[in-house]
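Trainee: For reference, this is coords04.cif, and it has mmCIF, C-alpha atoms and all ligand atoms.
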data_entry
loop_
_atom_site.label_atom_id
_atom_site.label_comp_id
_atom_site.auth_asym_id
_atom_site.auth_seq_id
_atom_site.Cartn_x
_atom_site.Cartn_y
_atom_site.Cartn_z
CA MET A 1 0.00 0.00 0.00
CA ALA A 2 2.81 2.38 0.85
CA THR A 3 4.12 1.82 -2.65
CA SER A 4 0.91 2.84 -4.35
CA ILE A 5 0.43 5.89 -2.14
CA SER A 6 3.93 7.19 -2.68
CA ARG A 7 3.61 6.63 -6.40
CA ARG A 8 0.43 8.67 -6.42
CA ARG A 9 2.00 11.34 -4.33
CA PHE A 10 4.92 11.45 -6.74
CA LEU A 11 2.55 11.92 -9.66
CA LEU A 12 0.72 14.67 -7.82
CA ALA A 13 3.95 16.39 -6.89
CA THR A 14 5.20 16.33 -10.44
CA GLY A 15 1.86 17.45 -11.81
CA SER A 16 1.69 14.47 -14.11
CA LEU A 17 -1.43 12.85 -12.72
CA MET A 18 -3.82 12.93 -15.66
CA ILE A 19 -7.55 13.17 -15.38
CA GLY A 20 -9.00 9.72 -14.99
CA ALA A 21 -5.56 8.06 -15.04
CA PRO A 22 -5.58 4.89 -12.97
CA VAL A 23 -3.47 4.90 -9.84
CA MET A 24 -0.57 2.53 -10.33
CA SER A 25 -0.62 -0.16 -7.72
CA ARG A 26 1.09 -3.46 -7.14
CA SER A 27 -1.93 -4.79 -5.33
CA ALA A 28 -4.46 -6.66 -7.42
CA ARG A 29 -7.52 -4.64 -6.46
CA ALA A 30 -10.30 -4.42 -9.01
CA GLN A 31 -10.47 -0.98 -10.60
CA PRO A 32 -13.58 0.96 -9.62
CA PRO A 33 -15.74 2.38 -12.40
CA ARG A 34 -14.40 5.57 -13.94
CA ARG A 35 -15.52 8.73 -12.30
CA ARG A 36 -16.83 11.68 -14.23
CA PRO A 37 -13.75 13.69 -15.29
CA VAL A 38 -13.37 17.03 -13.53
CA PRO A 39 -12.38 19.89 -15.87
CA SER A 40 -8.85 21.18 -15.26
CA ILE A 41 -8.22 24.44 -13.45
CA THR A 42 -6.65 27.21 -15.47
CA LEU A 43 -3.86 28.80 -13.49
CA PRO A 44 -3.45 32.58 -13.42
CA GLN A 45 -0.39 34.07 -15.11
CA SER A 46 1.08 35.23 -11.88
CA LEU A 47 0.44 33.04 -8.91
CA SER A 48 0.20 34.65 -5.49
CA ASN A 49 -1.85 34.30 -2.34
CA ALA A 50 -4.35 36.72 -3.91
CA THR A 51 -4.70 34.83 -7.19
CA VAL A 52 -4.19 31.17 -6.31
CA PRO A 53 -7.24 29.08 -7.30
CA VAL A 54 -9.21 27.89 -4.29
CA VAL A 55 -11.09 24.65 -3.91
CA ASP A 56 -13.38 24.92 -0.91
CA PHE A 57 -13.34 21.31 0.20
CA HIS A 58 -15.71 21.60 3.12
CA THR A 59 -19.13 23.13 2.51
CA HIS A 60 -22.66 21.92 2.95
CA LEU A 61 -25.63 22.06 0.60
CA GLN A 62 -29.11 23.06 1.69
CA ARG A 63 -32.33 22.98 -0.31
CA ARG A 64 -32.98 26.69 -0.73
CA VAL A 65 -29.50 27.64 -1.93
CA THR A 66 -29.45 27.72 -5.73
CA ALA A 67 -26.45 26.81 -7.88
CA GLU A 68 -26.44 30.26 -9.46
CA TYR A 69 -26.43 31.98 -6.07
CA LEU A 70 -23.48 29.86 -4.98
CA ILE A 71 -21.55 30.66 -8.16
CA GLU A 72 -22.17 34.36 -7.61
CA ARG A 73 -20.78 34.06 -4.08
CA MET A 74 -17.77 32.06 -5.32
CA ASP A 75 -16.97 34.44 -8.18
CA ALA A 76 -17.01 37.42 -5.84
CA VAL A 77 -13.98 36.01 -4.02
CA GLY A 78 -12.21 33.85 -6.61
CA VAL A 79 -13.28 30.41 -5.42
CA THR A 80 -12.97 27.87 -8.22
CA ARG A 81 -14.90 24.91 -6.87
CA LEU A 82 -17.09 23.91 -3.98
CA VAL A 83 -17.21 20.39 -2.65
CA LEU A 84 -20.85 19.95 -1.70
CA SER A 85 -21.80 17.75 1.26
CA PRO A 86 -25.61 17.71 1.27
CA LEU A 87 -27.07 18.67 4.64
CA TYR A 88 -30.13 16.49 5.04
CA TYR A 89 -30.94 17.69 8.54
CA GLY A 90 -34.18 19.67 8.67
CA ASP A 91 -35.83 21.78 11.36
CA SER A 92 -37.93 20.21 14.08
CA PRO A 93 -41.61 21.27 14.21
CA ASP A 94 -41.22 22.44 17.84
CA GLY A 95 -38.43 24.82 16.82
CA ARG A 96 -35.89 23.11 19.06
CA ILE A 97 -33.68 22.27 16.10
CA ILE A 98 -33.01 24.81 13.33
CA ASN A 99 -30.63 23.65 10.62
CA ASP A 100 -31.78 25.52 7.54
CA GLY A 101 -30.88 22.40 5.63
CA ASN A 102 -33.03 19.85 3.78
CA GLY A 103 -30.41 19.37 1.09
CA SER A 104 -30.09 16.15 -0.89
CA ASP A 105 -27.66 14.13 -2.97
CA GLU A 106 -29.91 14.58 -5.99
CA GLN A 107 -29.67 18.34 -5.62
CA ALA A 108 -25.85 18.21 -5.40
CA LEU A 109 -25.74 15.98 -8.46
CA ASP A 110 -27.98 18.33 -10.41
CA TYR A 111 -25.68 21.28 -9.60
CA ALA A 112 -22.60 19.29 -10.63
CA ARG A 113 -24.19 18.18 -13.91
CA ARG A 114 -25.12 21.73 -14.79
CA TYR A 115 -21.81 23.26 -13.64
CA PRO A 116 -19.22 20.46 -13.76
CA ASP A 117 -16.34 22.93 -13.43
CA ARG A 118 -17.75 24.45 -10.22
CA PHE A 119 -19.28 21.72 -8.04
CA ILE A 120 -18.03 18.40 -6.73
CA PRO A 121 -20.85 16.37 -5.17
CA LEU A 122 -20.34 14.04 -2.21
CA VAL A 123 -22.87 11.59 -0.83
CA GLY A 124 -24.34 13.45 2.16
CA MET A 125 -23.87 11.95 5.60
CA GLN A 126 -25.69 14.48 7.76
CA ARG A 127 -28.97 12.65 7.99
CA GLY A 128 -31.38 12.37 10.89
CA GLU A 129 -31.22 8.57 10.74
CA MET A 130 -27.50 8.72 11.48
CA ASP A 131 -27.95 10.63 14.74
CA HIS A 132 -28.90 7.44 16.59
CA ALA A 133 -26.62 4.91 18.28
CA GLY A 134 -28.49 2.06 16.56
CA PHE A 135 -27.43 3.30 13.14
CA TRP A 136 -23.73 2.89 13.91
CA ASP A 137 -24.22 -0.63 15.31
CA GLY A 138 -26.17 -1.52 12.17
CA ASN A 139 -29.94 -1.33 11.73
CA ARG A 140 -32.34 -1.18 8.82
CA ASP A 141 -31.35 2.39 8.02
CA THR A 142 -27.68 1.38 7.94
CA VAL A 143 -28.36 -1.31 5.36
CA ARG A 144 -30.43 1.06 3.22
CA ILE A 145 -28.01 3.99 3.36
CA LEU A 146 -25.00 1.77 2.66
CA GLU A 147 -26.74 0.31 -0.39
CA GLN A 148 -27.78 3.72 -1.67
CA THR A 149 -24.30 5.14 -1.05
CA GLU A 150 -22.67 2.33 -2.95
CA ALA A 151 -25.02 2.79 -5.91
CA LYS A 152 -24.22 6.52 -6.00
CA LEU A 153 -20.46 5.97 -5.82
CA ALA A 154 -20.70 3.24 -8.46
CA SER A 155 -22.42 5.71 -10.81
CA GLY A 156 -19.11 7.60 -11.05
CA GLU A 157 -20.89 10.91 -10.40
CA PHE A 158 -20.16 11.26 -6.69
CA PHE A 159 -16.62 11.88 -5.48
CA GLY A 160 -16.75 10.95 -1.82
CA MET A 161 -18.83 10.92 1.35
CA GLY A 162 -19.33 13.46 4.07
CA GLU A 163 -19.53 14.91 6.52
CA PHE A 164 -19.73 12.01 8.98
CA MET A 165 -20.69 13.45 12.37
CA LEU A 166 -19.04 11.36 15.06
CA ARG A 167 -17.99 13.53 17.98
CA PHE A 168 -19.76 16.87 17.67
CA TYR A 169 -20.46 19.61 20.22
CA PRO A 170 -23.87 21.32 20.06
CA TYR A 171 -24.11 25.02 19.23
CA THR A 172 -26.41 27.98 18.76
CA THR A 173 -25.36 30.79 16.41
CA ALA A 174 -26.12 34.47 16.02
CA GLN A 175 -27.98 33.63 12.79
CA GLY A 176 -30.51 31.57 14.74
CA ILE A 177 -29.11 28.12 14.01
CA VAL A 178 -29.73 25.64 16.82
CA ALA A 179 -27.85 22.34 16.57
CA PRO A 180 -28.54 20.76 19.97
CA SER A 181 -27.28 17.21 19.45
CA ASP A 182 -24.20 16.31 21.51
CA MET A 183 -23.07 13.51 19.24
CA ASN A 184 -20.66 10.87 20.42
CA TYR A 185 -20.51 7.91 18.06
CA SER A 186 -17.50 5.66 17.87
CA PRO A 187 -15.40 6.07 14.72
CA PHE A 188 -14.64 2.35 14.89
CA SER A 189 -18.26 1.23 14.59
CA TYR A 190 -19.81 -1.35 12.28
CA ALA A 191 -21.23 1.39 10.04
CA MET A 192 -17.99 3.40 9.79
CA ARG A 193 -16.08 0.25 8.88
CA LYS A 194 -18.56 -0.45 6.09
CA PHE A 195 -18.28 3.11 4.81
CA ALA A 196 -14.49 2.78 4.95
CA ASP A 197 -14.80 -0.34 2.77
CA LEU A 198 -16.76 1.73 0.25
CA SER A 199 -14.11 4.45 0.41
CA ALA A 200 -11.47 1.87 -0.48
CA LYS A 201 -13.51 0.21 -3.21
CA TYR A 202 -14.41 3.47 -4.97
CA ARG A 203 -11.34 5.50 -3.92
CA ALA A 204 -13.82 7.93 -2.39
CA PRO A 205 -12.54 10.28 0.32
CA MET A 206 -14.63 10.41 3.46
CA ILE A 207 -14.83 13.63 5.49
CA MET A 208 -15.25 13.06 9.20
CA HIS A 209 -16.04 15.44 12.05
CA ALA A 210 -14.62 14.08 15.28
CA GLU A 211 -13.34 16.34 18.05
CA ALA A 212 -10.07 14.71 19.05
CA GLU A 213 -10.81 13.74 22.62
CA PRO A 214 -8.38 10.96 23.62
CA ALA A 215 -10.86 8.08 23.21
CA VAL A 216 -12.11 9.51 19.90
CA SER A 217 -8.60 9.89 18.52
CA GLU A 218 -7.73 6.35 19.55
CA SER A 219 -10.82 5.02 17.82
CA MET A 220 -10.13 7.07 14.67
CA GLN A 221 -6.64 5.59 14.49
CA LYS A 222 -8.04 2.07 14.82
CA LEU A 223 -10.22 2.86 11.81
CA PHE A 224 -7.28 4.21 9.76
CA GLU A 225 -5.19 1.18 10.63
CA ALA A 226 -7.90 -1.34 9.78
CA HIS A 227 -8.65 0.30 6.40
CA PRO A 228 -5.36 1.23 4.76
CA ALA A 229 -6.92 1.49 1.29
CA ALA A 230 -9.62 3.94 2.36
CA THR A 231 -9.09 7.72 2.14
CA PHE A 232 -9.83 9.66 5.30
CA VAL A 233 -10.19 13.43 5.54
CA TRP A 234 -10.35 14.31 9.21
CA ALA A 235 -12.11 17.67 9.37
CA HIS A 236 -11.04 20.75 11.30
CA ASN A 237 -7.34 19.88 11.38
CA CYS A 238 -7.89 16.35 12.69
CA GLY A 239 -10.52 17.48 15.18
CA ARG A 240 -8.24 20.27 16.47
CA SER A 241 -5.40 17.91 17.37
CA SER A 242 -1.92 19.19 18.24
CA SER A 243 0.68 19.64 15.51
CA ASN A 244 2.74 16.82 17.03
CA ASP A 245 -0.17 14.40 17.04
CA ILE A 246 -1.16 15.30 13.48
CA ALA A 247 2.39 14.82 12.22
CA ALA A 248 2.68 11.47 13.99
CA MET A 249 -0.64 10.24 12.63
CA MET A 250 0.09 11.38 9.09
CA GLN A 251 3.43 9.64 9.16
CA ARG A 252 1.81 6.46 10.43
CA PHE A 253 -1.20 6.55 8.10
CA PRO A 254 -0.52 7.46 4.46
CA ASN A 255 -4.29 7.44 3.88
CA LEU A 256 -4.95 10.33 6.28
CA TYR A 257 -5.65 13.89 5.14
CA ALA A 258 -6.91 16.83 7.16
CA ASP A 259 -9.21 19.62 6.16
CA LEU A 260 -8.59 22.96 7.82
CA SER A 261 -12.21 24.01 7.56
CA GLY A 262 -13.11 26.88 9.82
CA MET A 263 -9.68 26.84 11.45
CA VAL A 264 -8.51 30.31 10.35
CA TYR A 265 -11.44 32.28 11.74
CA SER A 266 -10.65 34.02 15.01
CA GLY A 267 -10.68 37.46 16.54
CA GLY A 268 -13.55 39.94 16.44
CA PRO A 269 -16.28 40.12 19.02
CA ASP A 270 -17.93 36.77 18.35
CA PRO A 271 -16.12 34.49 15.89
CA ARG A 272 -18.10 31.27 16.58
CA ALA A 273 -15.97 29.02 14.41
CA TYR A 274 -13.72 26.04 14.90
CA GLY A 275 -10.70 28.32 14.73
CA VAL A 276 -11.37 29.32 18.32
CA TYR A 277 -12.43 27.30 21.34
CA TRP A 278 -15.99 27.06 20.11
CA PRO A 279 -18.56 25.86 20.95
CA ARG A 280 -16.78 24.18 23.85
CA ARG A 281 -13.26 24.42 25.14
CA THR A 282 -11.41 21.23 26.02
CA GLU A 283 -7.88 20.64 27.20
CA TRP A 284 -6.95 18.64 24.07
CA MET A 285 -8.00 21.35 21.64
CA HIS A 286 -5.29 23.11 19.56
CA LEU A 287 -5.77 26.20 17.43
CA VAL A 288 -4.17 27.08 14.09
CA VAL A 289 -4.12 30.90 14.17
CA ASP A 290 -4.08 33.71 16.73
CA ASP A 291 -6.65 36.50 16.97
CA GLN A 292 -5.12 38.30 13.99
CA GLY A 293 -5.02 35.25 11.73
CA TRP A 294 -1.30 34.63 12.12
CA VAL A 295 -0.55 30.92 11.90
CA ARG A 296 1.06 29.51 15.03
CA PRO A 297 4.71 28.56 14.41
CA ASP A 298 4.31 24.84 15.10
CA MET A 299 1.30 24.63 12.76
CA LEU A 300 3.09 26.60 10.05
CA GLU A 301 5.96 24.16 10.17
CA LEU A 302 3.50 21.26 9.94
CA PHE A 303 1.64 22.67 6.91
CA ASN A 304 4.87 23.40 5.07
CA ARG A 305 6.41 20.03 5.84
CA LEU A 306 3.35 17.87 5.19
CA SER A 307 1.66 20.16 2.69
CA LYS A 308 0.42 17.27 0.54
CA ARG A 309 -2.02 16.25 3.25
CA PHE A 310 -4.13 19.35 3.86
CA VAL A 311 -7.11 20.98 2.14
CA ILE A 312 -9.16 24.03 3.14
CA GLY A 313 -12.83 24.69 3.69
CA THR A 314 -15.13 27.51 4.71
CA ASP A 315 -17.59 25.11 6.40
CA VAL A 316 -20.68 27.13 5.56
CA ALA A 317 -23.16 24.76 7.14
CA HIS A 318 -26.56 26.45 6.89
CA ALA A 319 -28.39 28.15 4.01
CA ARG A 320 -28.66 31.58 5.61
CA VAL A 321 -24.92 31.72 6.25
CA TYR A 322 -23.99 31.73 2.53
CA GLU A 323 -24.93 35.40 2.55
CA PHE A 324 -21.65 35.96 4.41
CA TYR A 325 -19.55 33.66 2.23
CA SER A 326 -17.22 36.38 0.95
CA ARG A 327 -16.18 37.25 4.51
CA HIS A 328 -14.41 33.92 4.80
CA LEU A 329 -11.90 34.36 2.03
CA PRO A 330 -9.63 37.15 3.31
CA ARG A 331 -8.53 34.90 6.15
CA TRP A 332 -7.65 32.11 3.72
CA ARG A 333 -5.73 34.51 1.48
CA LYS A 334 -3.82 35.66 4.55
CA PHE A 335 -3.13 32.03 5.43
CA PHE A 336 -1.80 31.36 1.90
CA ALA A 337 0.55 34.32 2.25
CA GLN A 338 2.16 32.71 5.29
CA VAL A 339 2.83 29.16 4.06
CA SER A 340 5.44 28.35 1.43
CA THR A 341 4.52 28.78 -2.25
CA GLU A 342 4.52 25.02 -2.65
CA ALA A 343 2.28 24.54 0.39
CA MET A 344 -0.02 27.33 -0.81
CA GLN A 345 -0.67 25.53 -4.09
CA ASP A 346 -1.01 22.14 -2.44
CA ILE A 347 -3.44 23.30 0.20
CA ALA A 348 -5.44 25.79 -1.89
CA TYR A 349 -6.29 23.44 -4.76
CA ARG A 350 -3.73 20.79 -5.76
CA ASN A 351 -4.44 18.24 -3.06
CA ALA A 352 -8.18 18.56 -3.54
CA GLU A 353 -7.78 18.09 -7.29
CA GLY A 354 -5.74 14.95 -6.62
CA LEU A 355 -8.45 13.55 -4.38
CA PHE A 356 -11.13 14.08 -7.04
CA ARG A 357 -9.04 12.17 -9.54
CA SER A 358 -7.95 9.29 -7.39
CA ALA A 359 -10.33 6.78 -8.99
ZN ZN B 401 -17.49 19.74 10.77
#
Would it be possible to restate this file's structure as structure tokens?
Ligand SMILES: [Zn+2]
Mentor:
Amino acid sequence: MATSISRRRFLLATGSLMIGAPVMSRSARAQPPRRRPVPSITLPQSLSNATVPVVDFHTHLQRRVTAEYLIERMDAVGVTRLVLSPLYYGDSPDGRIINDGNGSDEQALDYARRYPDRFIPLVGMQRGEMDHAGFWDGNRDTVRILEQTEAKLASGEFFGMGEFMLRFYPYTTAQGIVAPSDMNYSPFSYAMRKFADLSAKYRAPMIMHAEAEPAVSESMQKLFEAHPAATFVWAHNCGRSSSNDIAAMMQRFPNLYADLSGMVYSGGPDPRAYGVYWPRRTEWMHLVVDDQGWVRPDMLELFNRLSKRFVIGTDVAHARVYEFYSRHLPRWRKFFAQVSTEAMQDIAYRNAEGLFRSA
């Protein structure tokens, strides 16, 4: 496995990984069906932190957000593509839960078919049925959702799965969002192992939200170890792990990536993002930037050294929050100015592009 991963990484590093080209591997795995080719990104003549193409790897799709509205928001701040994780969660009739969601895989697929250069659809994993312990042990919903997920991945039109909500702290936002569920589902469950099998079979990255409490991190690592051919994207800088822990895990698991979604937002009167100790502070939580958006030295060293393993994301989770999409980008541009030029390109778009083309 190490051989195939390093070969792929070599191809990515040299820019010679062609669209749809099979990953060279010594192992005799069956090739998954070809995925829909993603159009190439045209690079600007002069590449800087202000002009580098951006693939927003971590966003969510809700029913009332139109494709054209999203494109308008993206164009205003030079974002090339959005990876859409449909947010199935709806609102509860008693008003206790307000998600502003009701997105669907079919909606994400429709957007990607109409604008193949702008949207990358994932199979959505934020579903009410999955916020129950029974789902993760395996129940009727598990069987159904696994079957449906496999059919969607086999179609070649979906590029991954996400966001799996495993260890999640509840929050209420200034925009009236109320997400009250204090989720704590083991990453090494029956269902997650089955999804990891699908990830391996279809070379489909899986984005996972799991705050890195010690038991959670241990269980995540058991999952990585048991599924070396799967592709894991551990959201929010590996659940806000320390730079030392991230480096150690990435060295141990060649199939581990991290998305930095939300991790550069800080400062101001009320940031309410994963870049600060929000919505709960724990002793094992590590931040990426200070109040001004300056990357902490240990994290900067990590991103430069292991730049092939990180992607970014704005993590706009609810429909009404897209109105503020453009506010997210200055912090990312400031982040790109601080990492090396190589790391800037890797993290802004190159790694994401590699993940879309790994089938
Ligand atoms: Zn998340």
Trainee: List as a VMD selection string the protein and nucleic acid residues lying within 8 Å of ligand ZN 401 (chain B), with only C-alpha atoms and all ligand atoms counted.
Mentor: chain A and resid 163 165 168 208 to 210 235 to 236 261 315
Trainee: Return the single residue from A:Pro39, A:Pro279, A:Gly78, A:Gly95 that is closest to Gly176 of chain A, with distances computed using all atoms listed in the file.
Mentor: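 Closest to Gly176 of chain A, using all atoms listed in the file: A:Gly95.
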Trainee: Give the answer as one residue: which of A:Phe188, A:Tyr349, A:Phe336, A:Tyr202 has the shortest atom-to-atom distance to Glu150 of chain A, using all atoms listed in the file?
Mentor: A:Tyr202
Trainee: Rank nothing, just name the residue among A:Met125, A:Val65, A:Leu84, A:Val295 nearest to Gln148 of chain A, using all atoms listed in the file.
Mentor: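 Smallest distance to Gln148 of chain A is found for A:Met125.
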Trainee: Just want the 8 Å neighbourhood of segment 248-255 of chain A, counted on all atoms listed in the file, with same-chain residues fewer than 5 positions away dropped. Output as a list in words.
Mentor: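 Counting only the stated atoms, we get Ala2, Ile5, Gln221, Phe224, Glu225, Pro228, Ala229, Ala230, Thr231, Phe232 and Arg309 of chain A.
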Trainee: Could you list as a list in words every residue that has an atom within 9 Å of (-25.0, 6.7, 8.9), using the file's coordinates and counting all atoms listed in the file?
Mentor: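 With a cut-off of 9 Å, the residues come to Met125, Gln126, Arg127, Gly128, Glu129, Met130, Asp131, His132, Phe135, Trp136, Gly138, Asp141, Thr142, Ile145, Leu146, Phe164, Met165, Ala191, Met192 and Phe195 of chain A.
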Trainee: With distances taken over only C-alpha atoms, which of A:Thr66, A:Gln107, A:Thr149, A:Ser186 is nearest to Asp137 of chain A?
Mentor: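 Between A:Thr66, A:Gln107, A:Thr149, A:Ser186, the residue approaching Asp137 of chain A most closely is A:Ser186.
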Trainee: Please indicate the distance in Å from atom CA of Gly239 of chain A to atom CA of Phe158 of chain A, rounded to one decimal place.
Mentor: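 Taking atom CA of Gly239 of chain A and atom CA of Phe158 of chain A, their separation equals 24.7 Å.
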Trainee: Any idea what the distance is between atom CA of Thr172 of chain A and atom CA of Trp278 of chain A?
Mentor: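 Between atom CA of Thr172 of chain A and atom CA of Trp278 of chain A the gap works out to 10.5 Å.
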Trainee: Choose the residue, out of A:Ile120, A:Ala108, A:Leu47, A:Leu87, that has the smallest atom-to-atom separation from Arg357 of chain A; count all atoms listed in the file.
Mentor: A:Ile120
Trainee: With only C-alpha atoms as the atoms that count, which of A:Leu109, A:Ala50, A:Leu61, A:Leu260 lies nearest to Ser155 of chain A?
Mentor: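 Checking each of A:Leu109, A:Ala50, A:Leu61, A:Leu260 against Ser155 of chain A, counting only C-alpha atoms, the winner is A:Leu109.
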Trainee: Which residues come within 8 Å of segment 271-277 of chain A, counting all atoms listed in the file, excluding same-chain residues fewer than 6 positions away, as a VMD selection string?
Mentor: chain A and resid 173 236 261 to 265 285 287 to 289
